[in-house]
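K.L.:
Dropping a structure here in C-alpha cells format, bear with me for questions.
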Number of protein chains: 2
Amino acid sequence: MELGCILAAVREELRREHLSAFIFPTADPHNSEHTADHWKGRQWVSGFNGSAGTAVVTLHSAALWTDSRYFIAAAEQLEGTEYQLMRMKIEGTPTIAEWLGRELADLPDKEVGIDGMCTTTSYVEALTAGLRKNGGITLRTNFDLLDRIWTGRPALPANPIVVQPLELTGEDVTSKFSRIRQALRRQHADGMLMAALDDVAWTLNLRGSDVHCCPVFLAYLLITTTGATLFVDDTKLTPEARQALAAADVRTAPYPAVREALGRYPEYNILADPDEVSYTLMKAIRAQEIVREPSPVPALKAVKTEAEQEGFRRAMLRDGVAMVRFLRWLKPAVEAGGQTELTVGRKLTELRAGQPLFRGLSFDTIAGYQAHGAIVHYEATADSAAVLRPEGLLLLDSGAHYQDGTTDITRTIALGPVTDEQRRIYTYVLKGHIKLQKLKFPDGASGTQLDAIARKDLWAEGLNFLHGTGHGVGSYLNVHEGPHQIRMEYRPAPLKAGMTVTDEPGIYIEGKFGVRIENLLLVQPYMETDFGRFLQFETLTLCPIDTAPIDTTLLTQKELQWLNDYHQLVFDRLSPLLDDADRAWLREATAPLKQ
Amino acid sequence: MELGCILAAVREELRREHLSAFIFPTADPHNSEHTADHWKGRQWVSGFNGSAGTAVVTLHSAALWTDSRYFIAAAEQLEGTEYQLMRMKIEGTPTIAEWLGRELADLPDKEVGIDGMCTTTSYVEALTAGLRKNGGITLRTNFDLLDRIWTGRPALPANPIVVQPLELTGEDVTSKFSRIRQALRRQHADGMLMAALDDVAWTLNLRGSDVHCCPVFLAYLLITTTGATLFVDDTKLTPEARQALAAADVRTAPYPAVREALGRYPEYNILADPDEVSYTLMKAIRAQEIVREPSPVPALKAVKTEAEQEGFRRAMLRDGVAMVRFLRWLKPAVEAGGQTELTVGRKLTELRAGQPLFRGLSFDTIAGYQAHGAIVHYEATADSAAVLRPEGLLLLDSGAHYQDGTTDITRTIALGPVTDEQRRIYTYVLKGHIKLQKLKFPDGASGTQLDAIARKDLWAEGLNFLHGTGHGVGSYLNVHEGPHQIRMEYRPAPLKAGMTVTDEPGIYIEGKFGVRIENLLLVQPYMETDFGRFLQFETLTLCPIDTAPIDTTLLTQKELQWLNDYHQLVFDRLSPLLDDADRAWLREATAPLKQ
C-alpha cells in the first residue's frame, strides 16, 4: 500500500473509533528490541525502517520520533512524506505528549489510542500521565488498529525450537528455576510472568529463530512456587525440546492462553516487571498483589557460567579467523575495484558462515564508507551502497551467532590514505577504547559510573557521541543484553565478574566519516584489598585494530603498550589456526608500534 | 539523663501507646542536614553525636544505623551501651525494616512509631512499605515521643533575621519569585510549599543563624500564583528584613500556622517535594492535586549570579590569606610542642575571624592527626584531641562563612617525616584531585558520570573511598548544597555553568592516617563545537597544596604541570595581600616541582 493510502486508512479507523490520534511504537508483546515481522507496524505505517522509533498519526498530521542513531537515515526516508521528524533528546524537540497536546488543542474530543498488548506497562503509564498533563488527553489501550487495516500482515513466526546443550549452558533448567525462585523470594514474590523472549530461552536452555538475528522463540513463561507453564505454539517444539521441558516439569499451553491464565493465577502474589510486561497483560492479572519490580532474570542471565565463558573464547577464535581472512582480502579487493558496502558485508558473512557452529548473523552488518560511516546504524541498500575506493575510512560493525557464543565487533579500516582529521579522530576514539579496557573498578560499580572513562579524552577535544559505550552480549542469545550497560544514562545494574560487555566509543562527523572501535570484554576479578573487591576486563574479541590511521604521538606510553600487548595476544591465539599467507598478514598487522 | 534512664522512659511511652518500637532519625521538619538543637533527639536518645544516623528502640533492644563516615566514631561512642551499631551499605547489615521484622517477629502487636512532622514523605512511605513487607508491621506517624520525655529539651531558636544585600546576591526577590513561578508552570503547578531552610533564605535574600554553622532561619514559605506567605516567628525579623518582605509583597504568619494554612490552600494544585516536605505536612495539604515532584528551587539557587561568583572570589582571597598565615605558623608551633588537634583548629578559626566580613565557621573544623585522620568526620574533643608531633599527616578540613561567600577546604599536611605508605597514598589522592579539576565535560553531564575520573587511579591501586567526591557550596549559605553532587550514587542533576562544586577525594587507612585534598571549583564554559557545549572548572580555592608528601615519580607530566600552574596562581593572587614574611613562606610553598 502507498503511504498516503495507509495514512488514509489509519484516519478512517480513528474516525470510526472517535479517536484523535494513534501511537505506533516499535514494540511487540515481549518488549523485544527487535520484533518479528508480524509486529513491524511502525515501519509499515511510516515507511521508516530503523530499529527504533515511534510514529504518531492524528487526523491531520503525522510525526515520527527517533534517536540520534537514526537522525540522518530517518530524515532521508521521511523526506517528501507527511511525517515530521522528531529528533529525540535534542533541545526543542517536544515529547509525544507535548506535541499531541498542541496538535489536539482545538479539538473537543481528546482521545488517543495505542495497542496495550504491544506496549509495556511503564510506557503506557508514563504516556497516560503525560497526555493528561498536556491538555487532558485520554489514552485508550484496548485494540490493535493495525490489525484492521494491515493487508498482507506477516503471520506469527513458527520456526522450530531446539535444545541448547548443557555442556554449552553450564547450568540445567532445574538449577535455573531454583535460582529464579530464590531471587523471587528475596523480592517477596511467589511467582512471576516472564515475557522477555531471551529470558525465556535462557531459563529453559532452548533456542529458536522467530526474530531476525535473535535466536529466540515467541513464548511466555509463568512461574509459580511449585510449577511452570510455557505458553507457546507447541507444534514448534522439536522432540528433544519437548522431552527437555517434560524432564524439567514445565507444562505447555497455547501462546494466546497466557492472558486467561493470568486471570486465574493461583498464588497470593506475582512479580510482573512493568518495564517488561505489556499493559494489557498487567491488567489481566488477578492476584492479591502484583510485585511491580525489576525481573530478577536478566541479572542472573548476564553472569555467564564457566561453560559459557569458555564458549565465548572458542567462538572468538573462529570469528577472529574469519575477520583476519576478511581483512587480508579487503584492501586488494577494493584496489581491484567494484566492491561496495554491500559486497564486502556479504564477503564477511560468507567467511563467517564457513566456520563451524555458525548459526547466523547476530545483527545486520553495518558497513559505512566515509560519509555513510557517520550514520550510526546505517544499513546499505542496493540503491545507497557506496563503491569503495582505496582511500578514507570504512566503519564495519558486525557479529555472528555461533552455537557456543555470540560476537559483536567494530573495526574502522583505512582503505588507503586518510586525512589528518580522520587520523586525529581515529586516535582519540582509540584512546577512549583503550582507557576503558585498562580500567580497574570496584565490584558494585555500574556502567553509568564508568562511562566517562571512555569519553574523557574525547571531551577535552570538544568531541562526544550520543550512543552507549557498552552493552552485554548473550551466550548464543541476543546481541544486546542487560541489565547492565555502560552509558551516560543511568543504569543502576552493577557490573559483576562473569558479565560480558562491549567497549565501543565512536565519533561521527556528519557528511564526512565515522569512527568506532569495539571489542567484547568479560568482567573478571582484579584484586581484593581492605577497600573491597576490585574488577577488571578480559578482552574476548581477537582481531587486529587497524594501525594505519593512528597518530602515535597522541597516544600515551601506556596506551601504546596496551595496543602492542593486545596485538601480541591476537597473534598468539589466532596464528595456529591460520594458513601461512593469513599468518604472514596477521604478523604484519599486529607488529608492535613505536612512538 | 543517663542513657539507661532515657531508654527506660522511651519504653514506658512505647507501652503507653501500645507500640513495639520507635524510630528516631536525624531530622527536623525542614529536612535539614544539620538541625537546631531542639531536634537533636536522636543524639539525646542514643548518645551518638555524629551528624547522620538513625536510632531505633524496641521494648527489648536498640540499634543505631550510620554511614561509613561515622563507623569508627559511632563504634567508640556506643561501646558499652545497649545500642548495636549498624554499618550502612556494608554487606550483611539489615535495613531498619528487616531488623525490626526480625526483632518483632514473635510479638502479636506490630506497631512502630516515628514523628511524621520530622520525617520526609519519601522516607515515611519507603519505611511503611518496607515494614509492611517485613512481617506486616504498621507505622504510626502521629506524635513526637521525645516531646513527652525529653527534660531540658532546647527551645526553638529565636535569632535575628537579616537582609543579604542585593549587591551580594545579584538578584532581587521579585525576580526570584518570577523565576520560581515560571519553573512551577513548567511543572504544571500553581504554587509550592518550600520547607528547605536554605531555599527560603535564598529566595527572600535573608539570612539567619538558627542552625549551628548554617546561616538560615526556621520558616516555611508558601507560594501561590499571586502571593507568598512566610511562616516565621516574626519577632525575629529586623526592621530591614520586615521592610524587605513588605517590599516584595510577602505576608507573614506564625511558624506553626503552616499546617492549618495547607488545609485551606486556595489554588487548584500545589507542588510539594516528597523528598523535602514532611509526611505530616504533606498529609495536611488540601488541594485538588499535589504535584509530587522535585522542588525547582535548589537548581535555581545552585547557579550563582555574577555577583555571587565575584563574592566567592573575594572571600577566597581572605580565606587564602588566613590559611597561609595558619600554615606558616603550624609547623614551628608543632615543633615547639603543646599543640593538639583542638588548639590548631582554634588558631585557624582565630585567623579567619580576623578577616573582614567573617560570619562564622561553615562547619565544625575537622583536624585529624595520623589515625584520627582516618575517621572521616572526626571532631576532636578535649578528651580525644591528639597532641601533634613533628611527623606524619594532619588532615584539616575547614571552612568559613564570609558575607560574600562560603568556603570549604581540606589540606593534608606533613608535620615532619612521612612514611612511604603515606607518601604513596597522598600522591594517588592528589592525582585524583587533579584529574577531576582538569576534566572537560559536556553540558548536561551529572556528577555521577564524572565521579570515576577522580577515582580511576585509586581503583587501579585497590583503593577507594565511600564518601562523595564533591558537593555544591552556598553563597553565604549552607556548605552542602544540591541538587548536583559528584558521587558514586546516582544524582541526576546536571552540572551547569555557574555552579560551585567541591573536589575532595580521600583515602583512609584505619588506625593509621587519612588523606583528603579539597578545592572548591566553579563550573565555567569551555568550548562549543558541533558536538554541543562543553564545560570546565575554575578553581576558586587559593591555598598551597603541601608538596612535601608528594612522590613526584607517580605524577604524570600533565599532573605536575597542573600543580605548578595552580601554585603560581595561588602566589599571584595572594602575595599582594601578605606581609613580607608570609609572602616569602608562600613563595617557598608554591615553588615549582620537577620530576
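Going by the C-alpha cells order, chains are called A, B, ..., each with residues numbered from 1, while ligands are numbered from 1 in the order shown.
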Find the residues of chain B in contact range of chain A, meaning any atom within 9 Å when counting only C-alpha atoms, and list them as an NGL selection string.
P.N.:
:B and (133 or 188 or 439-442 or 445-446 or 448-453 or 455-457 or 459-465 or 488-490 or 492 or 509 or 526-534)
K.L.:
Hey, what does DSSP flag as helix (DSSP H, G or I) within segment 260-456 of chain B? Can you give it to me as number ranges by chain?
P.N.:
B: 260-263, 279-284, 297-302, 306-336, 341-353, 370-374, 420-438, 447-456
K.L.:
Just how far from atom CA of Lys558 of chain B is atom CA of Leu554 of chain A, in Å to one decimal?
P.N.:
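The value is 13.7 Å.
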K.L.:
Do you have the atom CA of Arg313 of chain A-atom CA of Lys301 of chain A distance handy?
P.N.:
17.8 Å
K.L.:
Would you list, as number ranges by chain, the residues of segment 385-478 of chain B that end up in strand (DSSP E) under DSSP run on this structure's backbone?
P.N.:
B: 393-398, 400-402, 405-406, 409-414, 441-442, 470-472
K.L.:
Between A:Thr235, A:Thr225, A:Asn142, A:Ser175, which one has atoms that come closest to Glu17 of chain A, using only C-alpha atoms?
P.N.:
A:Asn142
K.L.:
Which polymer residues have any atom within 12 Å of an atom of Leu107 of chain B, counting only C-alpha atoms, with same-chain residues fewer than 2 positions away left out, as a PyMOL selection string?
P.N.:
chain B and resi 18-21+58-60+100-105+109-112+135-137
K.L.:
So which residues touch segment 250-266 of chain A within 10 Å, counting only C-alpha atoms, skipping near sequence neighbours fewer than 4 positions away, as an mmCIF file with N, CA and C atoms, in the first residue's frame?
P.N.:
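Output contents, as saved in around05.cif:
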data_model
loop_
_atom_site.group_PDB
_atom_site.id
_atom_site.type_symbol
_atom_site.label_atom_id
_atom_site.label_comp_id
_atom_site.auth_asym_id
_atom_site.auth_seq_id
_atom_site.Cartn_x
_atom_site.Cartn_y
_atom_site.Cartn_z
ATOM 1 N N VAL A 173 18.080 -26.645 33.658
ATOM 2 C CA VAL A 173 16.859 -25.855 33.845
ATOM 3 C C VAL A 173 16.395 -25.896 35.298
ATOM 4 N N THR A 174 16.540 -27.036 35.923
ATOM 5 C CA THR A 174 16.098 -27.168 37.314
ATOM 6 C C THR A 174 16.878 -26.201 38.208
ATOM 7 N N ASP A 190 5.762 -14.793 44.975
ATOM 8 C CA ASP A 190 5.522 -16.232 44.876
ATOM 9 C C ASP A 190 5.811 -16.759 43.469
ATOM 10 N N GLY A 191 5.660 -15.910 42.499
ATOM 11 C CA GLY A 191 5.843 -16.347 41.120
ATOM 12 C C GLY A 191 6.110 -15.156 40.238
ATOM 13 N N LEU A 193 5.654 -13.552 35.880
ATOM 14 C CA LEU A 193 5.389 -13.708 34.458
ATOM 15 C C LEU A 193 6.643 -13.260 33.711
ATOM 16 N N LEU A 204 15.067 -21.853 29.922
ATOM 17 C CA LEU A 204 14.713 -23.215 29.505
ATOM 18 C C LEU A 204 15.811 -23.905 28.704
ATOM 19 N N LEU A 218 8.771 -17.175 20.243
ATOM 20 C CA LEU A 218 7.645 -16.490 20.871
ATOM 21 C C LEU A 218 7.066 -17.352 21.976
ATOM 22 N N ALA A 219 7.043 -16.826 23.184
ATOM 23 C CA ALA A 219 6.519 -17.588 24.315
ATOM 24 C C ALA A 219 6.449 -16.700 25.544
ATOM 25 N N TYR A 220 5.630 -17.087 26.468
ATOM 26 C CA TYR A 220 5.629 -16.534 27.827
ATOM 27 C C TYR A 220 5.900 -17.687 28.779
ATOM 28 N N LEU A 221 6.540 -17.382 29.886
ATOM 29 C CA LEU A 221 6.767 -18.402 30.906
ATOM 30 C C LEU A 221 6.173 -17.894 32.214
ATOM 31 N N LEU A 222 5.248 -18.681 32.768
ATOM 32 C CA LEU A 222 4.608 -18.317 34.037
ATOM 33 C C LEU A 222 5.136 -19.266 35.100
ATOM 34 N N ILE A 223 5.812 -18.676 36.087
ATOM 35 C CA ILE A 223 6.435 -19.490 37.139
ATOM 36 C C ILE A 223 5.669 -19.283 38.437
ATOM 37 N N THR A 224 5.374 -20.361 39.134
ATOM 38 C CA THR A 224 4.780 -20.259 40.468
ATOM 39 C C THR A 224 5.701 -20.954 41.453
ATOM 40 N N THR A 225 5.316 -21.019 42.699
ATOM 41 C CA THR A 225 6.192 -21.655 43.694
ATOM 42 C C THR A 225 6.409 -23.129 43.373
ATOM 43 N N GLY A 227 5.417 -24.768 40.114
ATOM 44 C CA GLY A 227 5.441 -25.237 38.739
ATOM 45 C C GLY A 227 5.722 -24.121 37.757
ATOM 46 N N ALA A 228 5.709 -24.492 36.477
ATOM 47 C CA ALA A 228 5.956 -23.509 35.429
ATOM 48 C C ALA A 228 5.177 -23.917 34.187
ATOM 49 N N THR A 229 4.619 -22.914 33.506
ATOM 50 C CA THR A 229 3.891 -23.167 32.268
ATOM 51 C C THR A 229 4.485 -22.312 31.164
ATOM 52 N N LEU A 230 4.783 -22.974 30.048
ATOM 53 C CA LEU A 230 5.295 -22.267 28.872
ATOM 54 C C LEU A 230 4.136 -22.087 27.891
ATOM 55 N N PHE A 231 3.821 -20.818 27.591
ATOM 56 C CA PHE A 231 2.773 -20.516 26.631
ATOM 57 C C PHE A 231 3.422 -20.380 25.260
ATOM 58 N N VAL A 232 3.210 -21.362 24.423
ATOM 59 C CA VAL A 232 3.946 -21.450 23.166
ATOM 60 C C VAL A 232 3.130 -22.281 22.171
ATOM 61 N N ASP A 233 3.328 -22.009 20.914
ATOM 62 C CA ASP A 233 2.746 -22.869 19.881
ATOM 63 C C ASP A 233 3.526 -24.184 19.892
ATOM 64 N N ASP A 234 2.968 -25.235 20.481
ATOM 65 C CA ASP A 234 3.807 -26.398 20.778
ATOM 66 C C ASP A 234 4.111 -27.252 19.553
ATOM 67 N N THR A 235 3.525 -26.919 18.422
ATOM 68 C CA THR A 235 3.931 -27.629 17.201
ATOM 69 C C THR A 235 5.359 -27.241 16.816
ATOM 70 N N ARG A 242 10.697 -30.911 23.497
ATOM 71 C CA ARG A 242 9.516 -31.380 24.228
ATOM 72 C C ARG A 242 9.947 -32.250 25.427
ATOM 73 N N GLN A 243 10.906 -33.118 25.140
ATOM 74 C CA GLN A 243 11.418 -34.008 26.177
ATOM 75 C C GLN A 243 12.105 -33.216 27.302
ATOM 76 N N ALA A 244 12.886 -32.212 26.897
ATOM 77 C CA ALA A 244 13.598 -31.401 27.886
ATOM 78 C C ALA A 244 12.602 -30.670 28.783
ATOM 79 N N LEU A 245 11.537 -30.157 28.211
ATOM 80 C CA LEU A 245 10.533 -29.446 29.011
ATOM 81 C C LEU A 245 9.863 -30.422 29.989
ATOM 82 N N ALA A 246 9.539 -31.594 29.479
ATOM 83 C CA ALA A 246 8.893 -32.583 30.343
ATOM 84 C C ALA A 246 9.825 -32.957 31.493
ATOM 85 N N ILE A 270 2.363 -12.026 42.571
ATOM 86 C CA ILE A 270 3.122 -12.347 41.368
ATOM 87 C C ILE A 270 4.020 -11.175 41.034
ATOM 88 N N THR A 280 -1.632 -4.547 28.769
ATOM 89 C CA THR A 280 -2.822 -5.390 28.687
ATOM 90 C C THR A 280 -2.678 -6.629 29.568
ATOM 91 N N LEU A 281 -1.500 -7.251 29.548
ATOM 92 C CA LEU A 281 -1.306 -8.431 30.398
ATOM 93 C C LEU A 281 -1.247 -8.036 31.873
ATOM 94 N N MET A 282 -0.640 -6.899 32.175
ATOM 95 C CA MET A 282 -0.595 -6.449 33.573
ATOM 96 C C MET A 282 -2.019 -6.299 34.104
ATOM 97 N N LYS A 283 -2.890 -5.726 33.270
ATOM 98 C CA LYS A 283 -4.283 -5.519 33.690
ATOM 99 C C LYS A 283 -5.032 -6.850 33.783
ATOM 100 N N ALA A 284 -4.546 -7.861 33.062
ATOM 101 C CA ALA A 284 -5.244 -9.150 33.057
ATOM 102 C C ALA A 284 -4.963 -9.972 34.319
ATOM 103 N N ILE A 285 -3.912 -9.567 35.065
ATOM 104 C CA ILE A 285 -3.522 -10.357 36.239
ATOM 105 C C ILE A 285 -4.566 -10.235 37.345
ATOM 106 N N ARG A 286 -4.966 -11.370 37.880
ATOM 107 C CA ARG A 286 -5.811 -11.386 39.078
ATOM 108 C C ARG A 286 -5.009 -12.063 40.177
ATOM 109 N N ALA A 287 -4.453 -11.253 41.056
ATOM 110 C CA ALA A 287 -3.700 -11.789 42.194
ATOM 111 C C ALA A 287 -3.927 -10.823 43.348
ATOM 112 N N GLN A 288 -3.692 -11.292 44.564
ATOM 113 C CA GLN A 288 -3.875 -10.412 45.719
ATOM 114 C C GLN A 288 -2.962 -9.207 45.615
#
